[in-house]
$ cat final_5.txt   # compact mmCIF, C-alpha atoms
# COMPACT_ATOMS: atom_id res chain seq x y z
CA MET L 1 230.53 148.57 -14.15
CA SER L 2 229.71 151.04 -16.91
CA SER L 3 229.53 154.75 -16.20
CA ILE L 4 226.73 155.33 -18.73
CA GLN L 5 224.47 158.22 -17.75
CA TYR L 6 220.88 158.87 -18.84
CA THR L 7 220.38 162.44 -17.59
CA GLN L 8 219.47 164.03 -20.94
CA SER L 9 216.95 161.29 -21.70
CA ALA L 10 215.45 161.74 -18.24
CA THR L 11 215.09 165.49 -18.83
CA LEU L 12 213.55 164.96 -22.26
CA LEU L 13 211.14 162.39 -20.85
CA GLU L 14 209.81 164.86 -18.31
CA ARG L 15 209.37 167.41 -21.09
CA ALA L 16 207.61 164.83 -23.27
CA LYS L 17 205.19 163.85 -20.50
CA LYS L 18 203.71 167.35 -20.65
CA VAL L 19 202.47 166.77 -24.21
CA LEU L 20 202.69 163.02 -24.95
CA ALA L 21 200.59 160.60 -22.89
CA GLY L 22 203.13 158.84 -20.72
CA GLY L 23 205.89 160.64 -22.59
CA VAL L 24 205.97 158.10 -25.45
CA SER L 25 204.25 157.22 -28.72
CA SER L 26 204.17 153.44 -28.17
CA GLU L 27 203.62 151.78 -24.81
CA PHE L 28 206.69 149.57 -24.70
CA ARG L 29 209.09 152.46 -25.14
CA LYS L 30 208.34 153.25 -21.49
CA TYR L 31 210.04 150.05 -20.41
CA ASN L 32 213.53 150.64 -21.71
CA HIS L 33 216.21 150.76 -19.02
CA PRO L 34 216.16 152.75 -16.81
CA HIS L 35 213.25 154.58 -18.49
CA ALA L 36 212.27 155.68 -22.00
CA ILE L 37 215.44 156.65 -23.90
CA PHE L 38 215.66 159.40 -26.52
CA TYR L 39 217.83 158.51 -29.51
CA THR L 40 219.60 160.87 -31.90
CA HIS L 41 221.00 158.74 -34.73
CA GLY L 42 221.97 155.28 -35.83
CA LYS L 43 224.51 153.78 -38.23
CA GLY L 44 224.99 150.13 -39.12
CA SER L 45 224.85 148.02 -35.96
CA ARG L 46 225.05 151.05 -33.64
CA VAL L 47 222.51 153.51 -32.25
CA TYR L 48 223.20 156.65 -30.18
CA ASP L 49 221.15 158.45 -27.54
CA ALA L 50 220.73 162.03 -26.36
CA ASP L 51 223.39 161.53 -23.67
CA GLY L 52 225.94 160.53 -26.29
CA ASN L 53 225.86 156.86 -25.32
CA GLU L 54 226.68 154.35 -28.06
CA TYR L 55 224.88 151.00 -28.14
CA LEU L 56 225.53 147.84 -30.09
CA ASP L 57 221.94 147.31 -31.17
CA PHE L 58 220.19 143.94 -31.20
CA THR L 59 216.68 145.41 -31.04
CA LEU L 60 216.85 146.78 -34.61
CA SER L 61 213.86 148.97 -33.77
CA GLN L 62 211.82 145.88 -32.76
CA GLY L 63 212.93 144.05 -35.91
CA PRO L 64 212.54 146.22 -39.04
CA LEU L 65 216.17 147.23 -39.54
CA ILE L 66 217.37 144.05 -41.23
CA LEU L 67 220.09 146.00 -43.04
CA GLY L 68 221.08 147.91 -39.90
CA HIS L 69 220.56 151.59 -39.19
CA SER L 70 220.62 154.21 -41.95
CA HIS L 71 221.57 151.98 -44.86
CA PRO L 72 222.75 154.38 -47.60
CA ARG L 73 220.94 152.60 -50.44
CA VAL L 74 217.62 152.87 -48.60
CA LEU L 75 218.09 156.51 -47.65
CA GLU L 76 219.15 157.44 -51.18
CA ALA L 77 216.13 155.69 -52.73
CA VAL L 78 213.74 157.42 -50.32
CA GLN L 79 215.26 160.84 -50.98
CA GLU L 80 215.19 160.46 -54.76
CA TYR L 81 211.62 159.19 -55.04
CA SER L 82 210.27 161.59 -52.41
CA ALA L 83 211.70 164.48 -54.42
CA GLN L 84 209.27 163.55 -57.21
CA ALA L 85 206.25 163.50 -54.88
CA GLN L 86 205.23 162.37 -51.41
CA LEU L 87 201.77 160.85 -51.88
CA PHE L 88 199.56 160.66 -54.95
CA ALA L 89 196.43 159.01 -53.53
CA GLY L 90 196.68 157.24 -56.84
CA GLN L 91 198.82 154.59 -58.45
CA HIS L 92 202.47 154.91 -59.45
CA ILE L 93 204.97 152.75 -61.31
CA LYS L 94 207.21 151.74 -58.40
CA GLU L 95 204.15 150.38 -56.62
CA ILE L 96 203.72 147.90 -59.46
CA GLU L 97 207.43 147.08 -59.37
CA LEU L 98 207.25 146.35 -55.65
CA ALA L 99 204.16 144.16 -56.08
CA GLU L 100 205.82 142.26 -58.91
CA THR L 101 208.88 141.73 -56.71
CA LEU L 102 206.81 140.27 -53.88
CA ASN L 103 204.86 138.14 -56.33
CA ARG L 104 208.17 136.70 -57.57
CA LEU L 105 209.69 136.08 -54.16
CA ILE L 106 206.84 135.00 -51.85
CA PRO L 107 205.19 131.61 -52.59
CA SER L 108 201.65 132.67 -51.59
CA ALA L 109 201.75 136.17 -53.12
CA GLU L 110 199.62 135.65 -56.23
CA LEU L 111 197.75 138.88 -55.45
CA LEU L 112 198.42 141.45 -52.75
CA ARG L 113 197.42 144.78 -51.25
CA PHE L 114 199.64 147.25 -49.41
CA CYS L 115 198.76 148.67 -45.98
CA LEU L 116 200.60 150.69 -43.35
CA ASP L 117 201.29 148.22 -40.54
CA GLY L 118 200.88 144.62 -39.48
CA SER L 119 197.86 145.20 -37.23
CA GLU L 120 195.87 146.64 -40.14
CA ALA L 121 196.92 143.90 -42.55
CA VAL L 122 195.92 141.16 -40.10
CA GLN L 123 192.40 142.58 -39.83
CA THR L 124 192.20 142.72 -43.63
CA ALA L 125 193.11 139.04 -43.78
CA PHE L 126 190.32 138.20 -41.33
CA ARG L 127 187.86 140.18 -43.45
CA VAL L 128 188.93 138.27 -46.57
CA ALA L 129 188.56 134.91 -44.84
CA ARG L 130 185.11 135.74 -43.48
CA ALA L 131 183.88 136.97 -46.84
CA LYS L 132 185.04 133.89 -48.73
CA THR L 133 183.96 131.25 -46.22
CA GLY L 134 180.82 132.85 -44.81
CA ARG L 135 182.03 131.89 -41.32
CA GLN L 136 182.70 134.33 -38.52
CA LYS L 137 185.36 133.07 -36.10
CA PHE L 138 189.10 132.67 -36.39
CA LEU L 139 191.33 130.27 -34.47
CA ARG L 140 194.56 131.53 -32.94
CA PHE L 141 197.15 130.41 -30.42
CA GLU L 142 198.11 131.44 -26.89
CA GLY L 143 200.94 133.94 -26.73
CA HIS L 144 200.93 134.75 -30.44
CA TYR L 145 200.86 138.46 -31.17
CA HIS L 146 198.85 139.70 -34.15
CA GLY L 147 198.69 143.41 -33.45
CA TRP L 148 196.90 145.59 -30.94
CA MET L 149 193.33 145.65 -32.30
CA ASP L 150 190.54 144.56 -29.97
CA ASN L 151 189.90 141.05 -31.26
CA VAL L 152 193.55 139.97 -30.97
CA CYS L 153 194.26 141.65 -27.61
CA TRP L 154 193.21 138.60 -25.62
CA GLY L 155 195.39 135.61 -24.82
CA ILE L 156 198.74 137.35 -25.23
CA SER L 157 199.25 137.83 -21.52
CA ALA L 158 198.30 135.87 -18.42
CA PRO L 159 199.25 135.90 -14.73
CA SER L 160 200.50 132.30 -14.86
CA ALA L 161 200.26 129.05 -16.80
CA GLU L 162 197.86 127.71 -14.17
CA ALA L 163 195.56 130.67 -14.71
CA LEU L 164 195.08 129.63 -18.33
CA GLY L 165 193.21 126.52 -17.15
CA ASN L 166 192.65 123.40 -19.22
CA ARG L 167 194.14 123.16 -22.68
CA GLU L 168 190.87 122.30 -24.42
CA GLU L 169 189.07 125.48 -23.33
CA PRO L 170 191.70 127.96 -22.13
CA SER L 171 190.85 131.06 -20.14
CA VAL L 172 191.75 134.31 -21.89
CA TYR L 173 192.87 137.54 -20.26
CA PRO L 174 192.68 141.03 -21.75
CA TRP L 175 195.98 142.67 -22.67
CA THR L 176 194.59 146.11 -21.85
CA GLU L 177 191.60 147.84 -20.38
CA GLY L 178 189.04 149.26 -22.75
CA LEU L 179 188.37 146.12 -24.79
CA PRO L 180 184.72 145.43 -25.65
CA GLU L 181 183.74 142.21 -23.91
CA HIS L 182 182.22 140.75 -27.07
CA SER L 183 185.54 141.00 -28.95
CA LYS L 184 186.72 137.81 -27.26
CA ASP L 185 183.81 135.99 -28.91
CA GLU L 186 185.40 136.43 -32.34
CA PHE L 187 188.03 133.74 -31.85
CA ILE L 188 188.84 130.29 -30.52
CA ILE L 189 192.21 130.01 -28.79
CA LEU L 190 194.41 126.96 -28.20
CA PRO L 191 197.94 126.20 -27.01
CA TRP L 192 200.45 126.08 -29.87
CA ASN L 193 202.35 123.04 -31.13
CA ASP L 194 199.57 120.61 -30.14
CA PRO L 195 198.39 118.96 -33.38
CA GLU L 196 196.08 116.46 -31.71
CA LEU L 197 194.18 119.14 -29.81
CA LEU L 198 193.95 121.14 -33.02
CA LYS L 199 192.51 118.15 -34.86
CA GLN L 200 189.95 117.53 -32.12
CA THR L 201 188.86 121.17 -32.05
CA LEU L 202 188.48 121.55 -35.81
CA ALA L 203 186.61 118.26 -36.10
CA VAL L 204 183.92 119.69 -33.83
CA ARG L 205 183.99 123.41 -34.66
CA HIS L 206 185.26 123.77 -38.22
CA HIS L 207 181.87 125.02 -39.41
CA GLU L 208 182.39 128.18 -37.28
CA ILE L 209 185.95 128.95 -38.37
CA ALA L 210 186.93 131.14 -41.30
CA ALA L 211 190.67 131.18 -40.63
CA VAL L 212 193.51 129.82 -38.54
CA ILE L 213 196.23 132.40 -37.91
CA THR L 214 199.70 131.65 -36.59
CA GLU L 215 203.14 133.10 -36.30
CA PRO L 216 205.21 130.49 -38.20
CA VAL L 217 207.81 130.96 -35.46
CA MET L 218 206.37 132.10 -32.14
CA CYS L 219 208.66 135.14 -32.05
CA ASN L 220 206.74 137.29 -29.60
CA SER L 221 206.78 134.75 -26.76
CA GLY L 222 210.05 132.87 -26.42
CA CYS L 223 210.96 132.58 -30.14
CA ILE L 224 209.65 129.02 -30.23
CA GLN L 225 209.90 127.11 -33.49
CA PRO L 226 207.12 124.82 -34.73
CA GLU L 227 207.45 121.19 -33.75
CA ALA L 228 208.17 118.82 -36.63
CA GLY L 229 205.03 118.36 -38.71
CA PHE L 230 202.94 120.99 -36.93
CA LEU L 231 202.74 123.47 -39.79
CA GLN L 232 202.10 120.61 -42.21
CA THR L 233 199.20 119.50 -40.01
CA LEU L 234 197.84 123.05 -39.99
CA ARG L 235 198.01 123.16 -43.78
CA GLN L 236 196.26 119.81 -44.21
CA LEU L 237 193.47 120.56 -41.73
CA CYS L 238 192.74 123.93 -43.33
CA ASP L 239 192.56 122.21 -46.72
CA ASP L 240 190.26 119.52 -45.34
CA TYR L 241 187.79 122.02 -43.87
CA GLY L 242 188.01 124.90 -46.35
CA ILE L 243 189.58 127.22 -43.77
CA ALA L 244 192.03 129.99 -44.63
CA LEU L 245 195.52 129.38 -43.27
CA ILE L 246 197.05 132.78 -42.41
CA PHE L 247 200.74 133.20 -41.66
CA ASP L 248 201.57 136.31 -39.65
CA GLU L 249 205.01 137.00 -41.13
CA VAL L 250 205.37 140.46 -39.63
CA ILE L 251 208.59 139.25 -37.97
CA THR L 252 209.59 136.20 -40.02
CA GLY L 253 209.05 137.89 -43.39
CA PHE L 254 212.38 138.64 -45.15
CA ARG L 255 214.19 137.62 -41.96
CA LEU L 256 214.29 133.85 -42.45
CA SER L 257 214.50 134.05 -46.24
CA LEU L 258 213.48 136.30 -49.11
CA GLY L 259 210.27 134.27 -49.35
CA GLY L 260 209.62 134.39 -45.61
CA ALA L 261 208.93 131.53 -43.24
CA GLN L 262 206.66 129.94 -45.83
CA GLN L 263 209.65 129.45 -48.11
CA TYR L 264 211.94 128.49 -45.21
CA PHE L 265 209.56 125.79 -43.94
CA GLY L 266 208.11 124.83 -47.32
CA ILE L 267 204.49 125.46 -46.27
CA THR L 268 202.41 127.83 -48.39
CA PRO L 269 199.53 129.56 -46.56
CA ASP L 270 196.40 130.92 -48.21
CA LEU L 271 197.06 134.43 -46.88
CA ALA L 272 200.05 136.07 -45.22
CA VAL L 273 200.95 139.39 -43.66
CA PHE L 274 204.35 141.06 -44.10
CA ALA L 275 205.74 144.18 -42.41
CA LYS L 276 208.76 145.15 -40.22
CA ALA L 277 211.90 144.04 -42.18
CA PHE L 278 209.97 144.64 -45.38
CA ALA L 279 211.08 148.30 -45.71
CA SER L 280 213.84 149.05 -43.19
CA GLY L 281 211.57 150.86 -40.76
CA TYR L 282 209.34 152.80 -43.15
CA PRO L 283 205.60 152.24 -42.51
CA ILE L 284 204.40 149.70 -45.04
CA SER L 285 202.87 146.25 -44.82
CA ALA L 286 201.21 143.86 -47.22
CA ILE L 287 198.51 141.26 -47.18
CA VAL L 288 199.42 138.67 -49.80
CA GLY L 289 197.56 135.56 -50.83
CA ARG L 290 196.42 133.03 -53.34
CA LYS L 291 194.23 134.43 -56.06
CA GLU L 292 191.19 132.38 -55.02
CA TRP L 293 191.20 134.15 -51.65
CA MET L 294 192.35 137.60 -52.71
CA ASP L 295 189.71 137.77 -55.45
CA VAL L 296 187.21 139.01 -52.86
CA ILE L 297 189.29 142.19 -52.65
CA ALA L 298 189.90 142.33 -56.39
CA ASN L 299 186.17 142.24 -57.14
CA ALA L 300 185.34 144.64 -54.28
CA ARG L 301 183.32 142.18 -52.22
CA VAL L 302 185.77 143.13 -49.48
CA ILE L 303 186.68 146.80 -49.14
CA HIS L 304 190.28 147.61 -48.36
CA ALA L 305 191.36 151.25 -48.37
CA GLY L 306 193.79 153.76 -46.91
CA THR L 307 194.72 157.28 -47.87
CA MET L 308 198.35 156.88 -46.79
CA ASN L 309 198.93 153.50 -48.47
CA THR L 310 201.98 153.25 -50.78
CA SER L 311 203.48 156.67 -50.29
CA ASN L 312 206.55 157.27 -52.43
CA ALA L 313 208.93 157.06 -49.48
CA THR L 314 207.65 153.73 -48.18
CA VAL L 315 207.58 152.03 -51.58
CA ALA L 316 211.08 153.27 -52.40
CA ALA L 317 212.37 152.02 -49.03
CA ALA L 318 210.83 148.59 -49.56
CA LEU L 319 212.22 148.22 -53.07
CA ALA L 320 215.69 149.30 -51.98
CA THR L 321 215.67 146.98 -48.95
CA ILE L 322 214.68 143.96 -51.02
CA GLN L 323 217.17 144.81 -53.76
CA VAL L 324 220.02 144.92 -51.22
CA LEU L 325 218.89 141.63 -49.69
CA GLU L 326 218.76 139.99 -53.12
CA GLU L 327 222.17 141.32 -54.12
CA GLU L 328 224.02 140.68 -50.87
CA GLN L 329 222.21 137.47 -49.79
CA PRO L 330 223.15 137.98 -46.12
CA TYR L 331 221.09 135.05 -44.81
CA GLU L 332 223.87 132.51 -44.35
CA ARG L 333 225.87 135.12 -42.46
CA MET L 334 222.90 136.18 -40.31
CA PHE L 335 222.10 132.59 -39.38
CA ALA L 336 225.76 131.93 -38.55
CA HIS L 337 226.08 135.08 -36.44
CA GLY L 338 222.88 134.28 -34.57
CA ARG L 339 224.02 130.77 -33.76
CA ARG L 340 227.47 132.02 -32.77
CA LEU L 341 225.84 134.46 -30.36
CA MET L 342 223.50 131.82 -28.95
CA ASP L 343 226.40 129.42 -28.37
CA GLY L 344 228.44 132.19 -26.75
CA LEU L 345 225.63 133.20 -24.42
CA GLN L 346 225.16 129.56 -23.42
CA ARG L 347 228.87 129.24 -22.61
CA ALA L 348 228.79 132.48 -20.63
CA ALA L 349 225.88 131.20 -18.57
CA VAL L 350 227.59 127.90 -17.79
CA GLN L 351 230.81 129.67 -16.80
CA THR L 352 228.98 132.02 -14.45
CA GLY L 353 226.64 129.44 -12.91
CA HIS L 354 223.35 130.47 -14.54
CA HIS L 355 220.76 128.30 -16.26
CA VAL L 356 219.53 129.75 -19.52
CA LEU L 357 217.42 128.53 -22.42
CA LEU L 358 218.27 129.87 -25.88
CA GLN L 359 215.77 129.19 -28.63
CA GLY L 360 215.21 130.44 -32.17
CA PRO L 361 216.50 129.92 -35.69
CA GLY L 362 219.37 132.44 -35.47
CA PRO L 363 218.40 135.67 -37.25
CA MET L 364 216.13 136.09 -34.25
CA PHE L 365 216.33 134.17 -30.97
CA HIS L 366 215.34 134.41 -27.32
CA ILE L 367 217.21 134.10 -24.03
CA ALA L 368 215.38 132.97 -20.89
CA PHE L 369 216.58 132.30 -17.37
CA THR L 370 215.09 128.90 -16.55
CA ASP L 371 215.97 125.29 -15.76
CA MET L 372 213.83 124.15 -18.70
CA LYS L 373 215.66 122.42 -21.56
CA LYS L 374 213.00 123.30 -24.14
CA ALA L 375 209.86 125.43 -24.39
CA THR L 376 207.14 124.43 -26.83
CA ASP L 377 204.27 126.83 -26.07
CA TYR L 378 203.27 129.98 -24.22
CA ARG L 379 202.54 128.11 -21.00
CA ASP L 380 206.21 127.18 -20.82
CA VAL L 381 207.21 130.81 -21.40
CA LEU L 382 205.16 131.94 -18.41
CA SER L 383 207.48 129.98 -16.10
CA PHE L 384 210.61 131.92 -17.13
CA ASP L 385 212.33 134.09 -14.51
CA LYS L 386 211.33 137.57 -15.74
CA ALA L 387 212.98 139.39 -12.83
CA LYS L 388 216.35 137.82 -13.54
CA LEU L 389 215.98 138.53 -17.25
CA GLY L 390 215.23 142.16 -16.38
CA ARG L 391 218.47 142.44 -14.40
CA PHE L 392 220.40 140.93 -17.30
CA ILE L 393 218.87 143.26 -19.90
CA ALA L 394 219.53 146.28 -17.66
CA GLY L 395 223.13 145.20 -17.11
CA MET L 396 223.70 144.80 -20.83
CA HIS L 397 222.19 148.21 -21.52
CA ASP L 398 224.41 149.85 -18.90
CA ARG L 399 227.37 148.36 -20.77
CA GLY L 400 226.25 149.54 -24.20
CA ILE L 401 224.37 146.51 -25.55
CA ARG L 402 220.72 147.09 -26.47
CA VAL L 403 218.41 144.05 -26.32
CA ILE L 404 214.60 143.90 -26.33
CA GLY L 405 213.34 143.67 -22.75
CA ARG L 406 211.49 140.39 -23.22
CA GLY L 407 214.76 138.69 -24.20
CA LEU L 408 214.41 138.69 -27.99
CA TRP L 409 217.54 139.37 -30.06
CA TYR L 410 217.62 140.36 -33.74
CA ILE L 411 220.61 139.95 -36.05
CA SER L 412 221.07 142.32 -38.99
CA ALA L 413 223.16 142.17 -42.13
CA ALA L 414 225.28 144.93 -40.53
CA HIS L 415 226.41 142.88 -37.53
CA THR L 416 229.94 141.49 -37.66
CA GLU L 417 231.73 138.63 -35.91
CA GLU L 418 233.45 141.27 -33.77
CA ASP L 419 230.02 142.58 -32.72
CA ILE L 420 228.92 139.09 -31.78
CA ASP L 421 232.05 138.36 -29.76
CA HIS L 422 231.79 141.72 -27.99
CA ALA L 423 228.19 140.93 -27.02
CA VAL L 424 229.23 137.53 -25.65
CA HIS L 425 232.10 139.05 -23.65
CA THR L 426 229.75 141.69 -22.24
CA ALA L 427 227.09 139.10 -21.38
CA ALA L 428 229.68 137.05 -19.47
CA ALA L 429 230.58 140.14 -17.42
CA VAL L 430 226.93 140.92 -16.72
CA MET L 431 226.09 137.34 -15.72
CA GLY L 432 229.18 137.25 -13.56
CA SER L 433 227.91 140.30 -11.66
CA MET L 434 224.39 138.94 -11.11
$ encode --input "final_5.txt" --output "structure tokens"
Amino acid sequence: MSSIQYTQSATLLERAKKVLAGGVSSEFRKYNHPHAIFYTHGKGSRVYDADGNEYLDFTLSQGPLILGHSHPRVLEAVQEYSAQAQLFAGQHIKEIELAETLNRLIPSAELLRFCLDGSEAVQTAFRVARAKTGRQKFLRFEGHYHGWMDNVCWGISAPSAEALGNREEPSVYPWTEGLPEHSKDEFIILPWNDPELLKQTLAVRHHEIAAVITEPVMCNSGCIQPEAGFLQTLRQLCDDYGIALIFDEVITGFRLSLGGAQQYFGITPDLAVFAKAFASGYPISAIVGRKEWMDVIANARVIHAGTMNTSNATVAAALATIQVLEEEQPYERMFAHGRRLMDGLQRAAVQTGHHVLLQGPGPMFHIAFTDMKKATDYRDVLSFDKAKLGRFIAGMHDRGIRVIGRGLWYISAAHTEEDIDHAVHTAAAVMGSM
């Protein structure tokens, strides 16, 4: 058993609680093991905390650090461009260069606007869809996460699969207190990966629906991939009814390919949202889309604004990140490392007498403790053994392996085969002790 100590983080947390609500600046930081951890620096595939503990990091700061921590090209670009200015509240040349780069790489990015985070960009996409179609509602799927704004904070948590009720008219539960009751009237929600139910719903209610939004891979709940033909069905139905198809590529963008999940799966949405891996942890996002949809922003029918949009640092970070990805082309390696890790975790589970389900394309994947052989929607995810997963995540953390608490793993371009094999060896020890 590891002798890792967390005393400095515990002391800092008590200090933080006197001035920060709950001691943190984002809710889920509370739920690290054994409590919120205070970090000091990161390099490559490693991150270090205030107690001097070193972790092999598979959280990658919830996904953004696709090149690993503190990539020198990114830091150098940020320093150089920030030395010229921090924020113009006006246009600058590198902003055009970044937009031209996204236009070249992303199939749907005929026109785009930059924002600060995924939550904001998602709401912009809804506004665009409503303006163009004249309809008010959007359709989304159980368990898919599209940010923390009111109208998408329903249906991403539930006490059980049974509590969700029938599939045709699911019950929705608030993710947090403080939501206006009417915000749940803005959307229609359905289970994912059910093309027939989708067809039935749109046949009856298409006249109400401005957009259908989906994670192309259900990364936030089990890392479930779309069933064969499901995204194609989505695309065809949206075409048939004049509905905007929105891909939330906050996680999949630049992680599955340079052109995102839309390039990886060969399905081009009308609008898409990119963030996270886009700029190696600097706060920038983009709403991109086909010209016929984005024209409502271009001609100012839809107002999109933001004082802090496209600061020098964030644009420089995004350009540098994408340049490194284009030059190094780490995707084959990231897919291979992810699959090697998934296979190793499966072997470790078999050897230690545990039943696990590993799902995901490789650059990101999920581990669940369950007898299920496959999960296809959020209702399946709700049956996973969360308590057992919690013990596994805690055991890994105590042995210097950092994994997101809900069981999601991210692979970066900085991870090596030795990192992967070390994680597998550690997982075998943890499972053997459970």
$ closest_atom_pairs --input "final_5.txt" --of "region 176-277 of chain L" --to "region 61-77 of chain L" --cutoff "12 Å" --atoms "all atoms listed in the file" --output "CSV"
residue,atom,partner,partner_atom,distance
L:Cys219,CA,L:Gly63,CA,10.6
L:Asn220,CA,L:Gln62,CA,10.5
L:Glu249,CA,L:Gly63,CA,11.8
L:Val250,CA,L:Gly63,CA,9.2
L:Ile251,CA,L:Gly63,CA,6.8
L:Thr252,CA,L:Gly63,CA,9.5
L:Gly253,CA,L:Pro64,CA,10.0
L:Phe254,CA,L:Ile66,CA,8.3
L:Arg255,CA,L:Ile66,CA,7.2
L:Leu256,CA,L:Ile66,CA,10.7
L:Ser257,CA,L:Ile66,CA,11.5
L:Leu258,CA,L:Ile66,CA,11.7
L:Phe274,CA,L:Pro64,CA,10.9
L:Ala275,CA,L:Pro64,CA,7.9
L:Lys276,CA,L:Pro64,CA,4.1
L:Ala277,CA,L:Pro64,CA,3.9
$ write_last_selection --input "final_5.txt" --atoms "C-alpha atoms" --output "PDB file, in the coordinates of the input"
ATOM      1  CA  CYS L 219     208.660 135.140 -32.050  1.00  0.00           C
ATOM      2  CA  ASN L 220     206.740 137.290 -29.600  1.00  0.00           C
ATOM      3  CA  GLU L 249     205.010 137.000 -41.130  1.00  0.00           C
ATOM      4  CA  VAL L 250     205.370 140.460 -39.630  1.00  0.00           C
ATOM      5  CA  ILE L 251     208.590 139.250 -37.970  1.00  0.00           C
ATOM      6  CA  THR L 252     209.590 136.200 -40.020  1.00  0.00           C
ATOM      7  CA  GLY L 253     209.050 137.890 -43.390  1.00  0.00           C
ATOM      8  CA  PHE L 254     212.380 138.640 -45.150  1.00  0.00           C
ATOM      9  CA  ARG L 255     214.190 137.620 -41.960  1.00  0.00           C
ATOM     10  CA  LEU L 256     214.290 133.850 -42.450  1.00  0.00           C
ATOM     11  CA  SER L 257     214.500 134.050 -46.240  1.00  0.00           C
ATOM     12  CA  LEU L 258     213.480 136.300 -49.110  1.00  0.00           C
ATOM     13  CA  PHE L 274     204.350 141.060 -44.100  1.00  0.00           C
ATOM     14  CA  ALA L 275     205.740 144.180 -42.410  1.00  0.00           C
ATOM     15  CA  LYS L 276     208.760 145.150 -40.220  1.00  0.00           C
ATOM     16  CA  ALA L 277     211.900 144.040 -42.180  1.00  0.00           C
TER      17      ALA L 277
END
$ closest_atom_pairs --input "final_5.txt" --of "region 201-239 of chain L" --to "region 136-150 of chain L" --cutoff "7 Å" --atoms "all atoms listed in the file" --output "tab-separated table"
residue	atom	partner	partner_atom	distance
L:Glu208	CA	L:Lys137	CA	5.8
L:Ile209	CA	L:Lys137	CA	4.7
L:Ala210	CA	L:Phe138	CA	5.6
L:Ala211	CA	L:Phe138	CA	4.8
L:Val212	CA	L:Leu139	CA	4.6
L:Ile213	CA	L:Arg140	CA	5.3
L:Thr214	CA	L:Arg140	CA	6.3
L:Glu215	CA	L:His144	CA	6.5
L:Met218	CA	L:His144	CA	6.3
L:Asn220	CA	L:Tyr145	CA	6.2
L:Ser221	CA	L:Gly143	CA	5.9
$ write_last_selection --input "final_5.txt" --atoms "C-alpha atoms" --output "short mmCIF file (atom, residue, chain, number, x, y, z; two decimals), in the coordinates of the input"
data_model
loop_
_atom_site.label_atom_id
_atom_site.label_comp_id
_atom_site.auth_asym_id
_atom_site.auth_seq_id
_atom_site.Cartn_x
_atom_site.Cartn_y
_atom_site.Cartn_z
CA GLU L 208 182.39 128.18 -37.28
CA ILE L 209 185.95 128.95 -38.37
CA ALA L 210 186.93 131.14 -41.30
CA ALA L 211 190.67 131.18 -40.63
CA VAL L 212 193.51 129.82 -38.54
CA ILE L 213 196.23 132.40 -37.91
CA THR L 214 199.70 131.65 -36.59
CA GLU L 215 203.14 133.10 -36.30
CA MET L 218 206.37 132.10 -32.14
CA ASN L 220 206.74 137.29 -29.60
CA SER L 221 206.78 134.75 -26.76
#
$ closest_residue --input "final_5.txt" --among "L:His397, L:His415, L:His425, L:Lys291" --to "Ile4 (chain L)" --atoms "all atoms listed in the file"
L:His397
$ residues_near_point --input "final_5.txt" --point "(189.3, 119.0, -22.7)" --cutoff "10 Å" --atoms "only C-alpha atoms" --output "ChimeraX atom specification"
/L:166-170,197,200-201
$ closest_residue --input "final_5.txt" --among "L:Ile303, L:Met434, L:Leu341, L:Ala109" --to "Lys388 (chain L)" --atoms "only C-alpha atoms"
L:Met434
$ residues_around --input "final_5.txt" --residues "region 317-323 of chain L" --least-positions-apart "3" --cutoff "7 Å" --atoms "only C-alpha atoms" --output "compact mmCIF listing (two decimals) with C-alpha atoms, in the coordinates of the input"
# COMPACT_ATOMS: atom_id res chain seq x y z
CA ARG L 73 220.94 152.60 -50.44
CA VAL L 74 217.62 152.87 -48.60
CA ALA L 77 216.13 155.69 -52.73
CA VAL L 78 213.74 157.42 -50.32
CA LEU L 98 207.25 146.35 -55.65
CA PHE L 278 209.97 144.64 -45.38
CA ALA L 279 211.08 148.30 -45.71
CA SER L 280 213.84 149.05 -43.19
CA TYR L 282 209.34 152.80 -43.15
CA ALA L 313 208.93 157.06 -49.48
CA THR L 314 207.65 153.73 -48.18
CA GLU L 326 218.76 139.99 -53.12
CA GLU L 327 222.17 141.32 -54.12
$ residues_near_point --input "final_5.txt" --point "(194.7, 139.1, -22.8)" --cutoff "8 Å" --atoms "all atoms listed in the file" --output "list in words"
Cys153, Trp154, Gly155, Ile156, Ser157, Ala158, Val172, Tyr173, Pro174, Trp175 and Thr176 of chain L
$ closest_atom_pairs --input "final_5.txt" --of "region 252-331 of chain L" --to "region 125-132 of chain L" --cutoff "9 Å" --atoms "only C-alpha atoms" --output "JSON lines"
{"residue": "L:Leu271", "atom": "CA", "partner": "L:Ala125", "partner_atom": "CA", "distance": 6.8}
{"residue": "L:Ala272", "atom": "CA", "partner": "L:Ala125", "partner_atom": "CA", "distance": 7.7}
{"residue": "L:Val273", "atom": "CA", "partner": "L:Ala125", "partner_atom": "CA", "distance": 7.8}
{"residue": "L:Ile287", "atom": "CA", "partner": "L:Ala125", "partner_atom": "CA", "distance": 6.8}
{"residue": "L:Val288", "atom": "CA", "partner": "L:Ala125", "partner_atom": "CA", "distance": 8.7}
{"residue": "L:Glu292", "atom": "CA", "partner": "L:Lys132", "partner_atom": "CA", "distance": 8.9}
{"residue": "L:Trp293", "atom": "CA", "partner": "L:Lys132", "partner_atom": "CA", "distance": 6.8}
{"residue": "L:Met294", "atom": "CA", "partner": "L:Val128", "partner_atom": "CA", "distance": 7.1}
{"residue": "L:Asp295", "atom": "CA", "partner": "L:Val128", "partner_atom": "CA", "distance": 8.9}
{"residue": "L:Val296", "atom": "CA", "partner": "L:Val128", "partner_atom": "CA", "distance": 6.6}
{"residue": "L:Ile297", "atom": "CA", "partner": "L:Val128", "partner_atom": "CA", "distance": 7.2}
{"residue": "L:Arg301", "atom": "CA", "partner": "L:Ala131", "partner_atom": "CA", "distance": 7.5}
{"residue": "L:Val302", "atom": "CA", "partner": "L:Val128", "partner_atom": "CA", "distance": 6.5}
{"residue": "L:Ile303", "atom": "CA", "partner": "L:Arg127", "partner_atom": "CA", "distance": 8.8}
